[in-house]
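Colleague: For reference, this is entry_14.txt, and it has compact mmCIF, C-alpha atoms.
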```
# COMPACT_ATOMS: atom_id res chain seq x y z
CA MET P 14 0.00 0.00 0.00
CA SER P 15 1.40 3.38 -1.01
CA VAL P 16 1.89 6.37 1.26
CA LEU P 17 -0.53 8.44 -0.82
CA ALA P 18 -3.24 5.80 -0.52
CA ILE P 19 -2.87 5.69 3.26
CA LEU P 20 -2.88 9.48 3.56
CA SER P 21 -5.88 9.89 1.26
CA ASP P 22 -7.91 7.67 3.60
CA ARG P 23 -7.04 9.95 6.51
CA ILE P 24 -7.04 13.38 4.91
CA GLU P 25 -9.87 14.66 7.13
CA LEU P 26 -7.89 13.88 10.29
CA LEU P 27 -4.83 15.59 8.81
CA PHE P 28 -6.91 18.73 8.21
CA VAL P 29 -8.16 18.58 11.80
CA PHE P 30 -4.53 18.48 13.00
CA MET P 31 -3.59 21.43 10.82
CA ILE P 32 -6.59 23.52 11.88
CA LEU P 33 -5.88 22.75 15.53
CA PHE P 34 -2.24 23.82 15.15
CA ILE P 35 -3.09 27.07 13.34
CA THR P 36 -5.89 27.90 15.78
CA SER P 37 -3.61 27.32 18.77
CA TYR P 38 -0.90 29.48 17.20
CA LEU P 39 -3.40 32.32 16.69
CA ALA P 40 -4.77 31.84 20.21
CA ALA P 41 -1.25 32.26 21.59
CA GLU P 42 -0.91 35.46 19.55
CA ILE P 43 -4.16 36.85 20.98
CA PHE P 44 -3.14 35.82 24.49
CA TYR P 45 0.21 37.58 24.04
CA ARG P 46 -1.45 40.80 22.87
CA PHE P 47 -3.85 40.92 25.83
CA ARG P 48 -1.64 39.49 28.60
CA LYS P 49 1.92 40.01 27.42
CA GLU P 50 3.70 39.45 30.75
CA LEU P 51 1.72 36.31 31.59
CA ALA P 52 2.16 34.93 28.06
CA ILE P 53 5.93 35.43 28.24
CA ALA P 54 6.01 33.79 31.67
CA TRP P 55 4.09 30.77 30.38
CA GLY P 56 6.26 30.58 27.26
CA SER P 57 9.43 30.72 29.34
CA LYS P 58 8.10 28.02 31.64
CA LEU P 59 7.26 25.73 28.73
CA ASP P 60 10.60 26.43 27.06
CA SER P 61 12.62 25.80 30.24
CA GLY P 62 12.18 22.05 29.77
CA ARG P 63 14.45 22.30 26.74
CA LYS P 64 17.40 23.64 28.73
CA PRO P 65 19.30 20.31 28.99
CA LEU P 66 18.75 19.72 25.27
CA ILE P 67 19.94 23.22 24.39
CA ARG P 68 23.10 22.57 26.40
CA VAL P 69 23.76 19.41 24.36
CA LEU P 70 23.16 21.34 21.12
CA TYR P 71 25.53 24.09 22.23
CA LYS P 72 28.32 21.61 22.97
CA ASN P 73 27.87 19.88 19.63
CA MET P 74 27.73 23.16 17.71
CA GLN P 75 31.16 24.14 19.06
CA ASN P 76 32.85 21.08 17.58
CA ARG P 77 33.94 20.23 14.06
CA TYR P 78 30.99 19.63 11.72
CA GLY P 79 28.86 21.40 14.32
CA VAL P 80 25.80 21.85 12.09
CA LEU P 81 25.78 18.16 11.18
CA ARG P 82 26.27 17.11 14.79
CA ALA P 83 23.54 19.46 16.02
CA ALA P 84 21.17 18.28 13.27
CA THR P 85 21.79 14.67 14.32
CA VAL P 86 20.96 15.48 17.95
CA ILE P 87 17.83 17.38 16.88
CA PHE P 88 16.74 14.48 14.67
CA LEU P 89 17.17 11.95 17.49
CA ILE P 90 15.30 14.16 19.98
CA ASN P 91 12.39 14.76 17.60
CA ILE P 92 12.14 11.23 16.24
CA PHE P 93 12.02 9.63 19.68
CA GLY P 94 10.38 12.36 21.76
CA GLY P 95 7.92 13.89 19.31
CA ALA P 96 7.32 11.35 16.57
CA PHE P 97 7.52 8.17 18.65
CA LEU P 98 6.47 9.03 22.21
CA TRP P 99 3.93 11.84 21.72
CA SER P 100 2.64 11.01 18.24
CA THR P 101 2.97 7.22 18.06
CA ILE P 102 2.61 5.90 21.62
CA GLY P 103 0.38 8.86 22.49
CA GLY P 104 -1.57 8.40 19.26
CA VAL P 105 -2.61 4.88 20.24
CA PHE P 106 -4.42 6.53 23.16
CA ILE P 107 -5.99 8.98 20.64
CA VAL P 108 -5.94 12.25 22.61
CA PHE P 109 -2.23 12.95 23.17
CA PRO P 110 -1.27 14.15 19.66
CA PHE P 111 -4.00 16.80 19.79
CA LEU P 112 -2.61 18.13 23.07
CA HIS P 113 0.90 17.96 21.59
CA TYR P 114 0.00 20.24 18.66
CA VAL P 115 -1.67 22.76 20.98
CA LEU P 116 1.50 22.93 23.10
CA ILE P 117 3.83 23.11 20.09
CA ALA P 118 1.83 25.90 18.42
CA PHE P 119 1.62 27.86 21.67
CA LEU P 120 5.35 27.42 22.32
CA VAL P 121 6.42 28.27 18.76
CA ASN P 122 4.53 31.55 18.88
CA LEU P 123 5.89 32.60 22.26
CA VAL P 124 9.47 31.44 21.61
CA LEU P 125 9.51 33.76 18.59
CA LYS P 126 8.45 36.54 20.95
CA ILE P 127 11.03 35.68 23.62
CA TYR P 128 13.84 35.16 21.09
CA PRO P 129 13.09 37.47 18.15
CA GLU P 130 16.42 36.52 16.54
CA ARG P 131 14.77 33.23 15.59
CA ARG P 132 12.50 35.11 13.15
CA HIS P 133 14.47 33.94 10.16
CA TRP P 134 13.28 32.23 6.97
CA LEU P 135 14.96 28.98 8.08
CA VAL P 136 12.45 28.62 10.92
CA ILE P 137 9.56 28.24 8.46
CA PRO P 138 10.67 24.97 6.77
CA ASN P 139 11.98 23.75 10.12
CA ILE P 140 8.54 24.05 11.73
CA ILE P 141 6.59 22.85 8.69
CA PHE P 142 8.61 19.65 8.22
CA GLU P 143 8.89 18.92 11.95
CA VAL P 144 5.19 19.32 12.72
CA ALA P 145 4.21 17.50 9.52
CA ALA P 146 6.31 14.53 10.64
CA PHE P 147 4.57 14.48 14.02
CA MET P 148 1.17 14.63 12.34
CA VAL P 149 1.93 11.83 9.91
CA ALA P 150 3.14 9.60 12.75
CA ALA P 151 -0.07 10.33 14.63
CA LEU P 152 -2.18 9.56 11.54
CA GLY P 153 -0.83 6.03 11.62
CA SER P 154 -0.92 5.41 15.35
CA ILE P 155 -4.41 6.80 15.99
CA TYR P 156 -5.77 4.19 13.60
CA VAL P 157 -3.93 1.53 15.60
CA GLY P 158 -5.75 2.78 18.70
CA LEU P 159 -9.06 2.90 16.87
CA SER P 160 -8.51 -0.67 15.64
CA VAL P 161 -7.97 -1.83 19.21
CA ILE P 162 -11.11 -0.05 20.44
CA GLY P 163 -13.24 -1.09 17.48
CA ARG P 164 -11.70 -4.54 17.07
CA GLY P 165 -10.49 -3.67 13.59
CA ASP P 166 -7.52 -5.04 11.68
CA ILE P 167 -4.72 -4.17 14.10
CA PHE P 168 -2.00 -5.77 11.98
CA LEU P 169 -3.00 -3.72 8.93
CA ALA P 170 -3.08 -0.54 11.03
CA VAL P 171 0.41 -1.26 12.44
CA TYR P 172 1.70 -2.03 8.95
CA GLN P 173 0.30 1.24 7.61
CA TRP P 174 1.84 3.14 10.54
CA GLY P 175 5.20 1.53 9.70
CA VAL P 176 4.93 2.55 6.05
CA LEU P 177 4.17 6.14 7.02
CA PHE P 178 6.91 6.24 9.65
CA ILE P 179 9.66 4.88 7.42
CA LYS P 180 8.72 6.57 4.16
CA LEU P 181 7.55 9.97 5.46
CA VAL P 182 8.19 10.62 9.15
CA ILE P 183 11.91 9.81 9.15
CA PRO P 184 12.71 11.78 5.95
CA LEU P 185 10.64 14.77 7.13
CA GLN P 186 12.44 14.77 10.47
CA ILE P 187 15.84 14.62 8.76
CA ILE P 188 14.98 17.62 6.58
CA SER P 189 13.59 19.53 9.57
CA ALA P 190 16.69 18.81 11.67
CA ILE P 191 18.98 20.09 8.91
CA PHE P 192 17.06 23.36 8.71
CA GLU P 193 17.13 23.76 12.49
CA GLY P 194 20.86 23.02 12.61
CA LEU P 195 21.44 25.68 9.97
CA LEU P 196 19.19 28.08 11.90
CA LEU P 197 21.15 27.59 15.13
CA HIS P 198 24.42 28.04 13.25
CA HIS P 199 23.16 31.28 11.69
CA ILE P 200 21.85 32.69 14.99
CA HIS P 201 24.65 31.72 17.33
CA ASN P 202 27.77 31.20 15.19
CA VAL P 203 27.25 33.78 12.44
CA LYS P 204 25.16 36.48 14.13
CA LYS P 205 26.71 35.74 17.57
CA TYR P 206 23.47 35.91 19.55
CA PRO P 207 23.94 34.35 23.00
CA TRP P 208 22.45 30.92 23.66
CA PRO P 209 19.39 30.82 25.94
CA TYR P 210 19.79 30.41 29.69
CA GLU P 211 23.36 31.78 29.54
CA ILE P 212 24.54 28.37 28.37
CA SER P 213 27.28 29.90 26.23
CA ASP P 214 28.80 31.38 29.40
```
Show the structure stored in the file as structure tokens.
Modeller:
Amino acid sequence: MSVLAILSDRIELLFVFMILFITSYLAAEIFYRFRKELAIAWGSKLDSGRKPLIRVLYKNMQNRYGVLRAATVIFLINIFGGAFLWSTIGGVFIVFPFLHYVLIAFLVNLVLKIYPERRHWLVIPNIIFEVAAFMVAALGSIYVGLSVIGRGDIFLAVYQWGVLFIKLVIPLQIISAIFEGLLLHHIHNVKKYPWPYEISD
């Protein structure tokens, strides 16, 4: 079964994911405009969980082939944390991917407010490919969960998830990680903006 055939059967759910992400992004924008201080505080709180990961990225970026090393770390973080845990394992339980996209959209909006230097064209493909990979992984795993609940063909659902994960999720995450590695290089190595949380000190 081809990737396009699997996706075409689930196009409505994909649109739901996209609408949820866009709506949450706009909601964060409205929240920021009405309660700027509180929005920044919430965004900083959400972003603080990334501090250990940012430290790892900083250390890798300082070494030879820093962009490639950072992109590899980003890929591993996103493939296991986002695509596998939140979207795949969470997707089997149906509700978790939806919550994931709300949090990502909210955080993306506020991180761009907290760190305006990230407003660069490289962030656009980075976010598009990364979130698309999460959504595709969830498209497969939610149907696994639905097959369990509805006593459907679980083996077919798992097979279709595997096809989507190997043929779309992994390549999308690789592309996204490359863009993010280039973005970090541009911000911190070329433009010399300090790393968050005074990590570069």
Colleague: Between P:Phe111, P:Phe192, P:Tyr206, P:Phe147, which residue has the minimum interatomic distance to P:Ile32, considering only C-alpha atoms?
Modeller: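 That would be P:Phe111, the residue with the smallest distance to P:Ile32.
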Colleague: Could you pull the residues within 9 Å of stretch 113-128 of chain P, counting only C-alpha atoms, minus those fewer than 3 positions along the same chain, as a PyMOL selection string?
Modeller: chain P and resi 30-31+33-42+45+52-53+55-57+59-60+95+99-100+108-110+131-132+140+144+147-148+209
Colleague: P:Glu25, P:His198, P:Ala83, P:Gly103: which is nearest P:His133, counting only C-alpha atoms?
Modeller: P:His198
Colleague: For atom CA of P:Leu181 and atom CA of P:Leu169, determine how far apart the two atoms are, in Å to one decimal place.
Modeller: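 A separation of 17.6 Å between them.
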Colleague: Excluding same-chain residues fewer than 4 positions from P:Gln75, what lies within 12 Å of it counting only C-alpha atoms, as a PyMOL selection string?
Modeller: chain P and resi 68-71+79-83+197-198+201-202+208+213
Colleague: Please indicate the distance in Å from atom CA of P:Ala151 to atom CA of P:Ile43, rounded to one decimal place.
Modeller: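 It comes out at 27.6 Å.
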Colleague: In Å, with one decimal, what is the gap from atom CA of P:Phe88 to atom CA of P:Lys180?
Modeller: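 Answer for the atom CA of P:Phe88 to atom CA of P:Lys180 separation: 15.4 Å.
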Colleague: Please determine, counting all atoms listed in the file, which residue among P:Val161, P:Val136, P:Pro65, P:Leu152 has the shortest atom-to-atom distance to P:Ile90.
Modeller: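 Using all atoms listed in the file, the shortest distance to P:Ile90 belongs to P:Pro65.
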Colleague: Taking 6 positions as the minimum chain separation for residues in the same chain, which residues sit within 12 Å of stretch 22-24 of chain P when counting all atoms listed in the file? Answer as a PyMOL selection string.
Modeller: chain P and resi 14-16+30-31+148-156+173-174+177
Colleague: Nearest residue to P:Phe97 out of P:Val203, P:Val176, P:Ala146, P:Ala54, using only C-alpha atoms?
Modeller: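 Counting only C-alpha atoms, the residue closest to P:Phe97 is P:Ala146.
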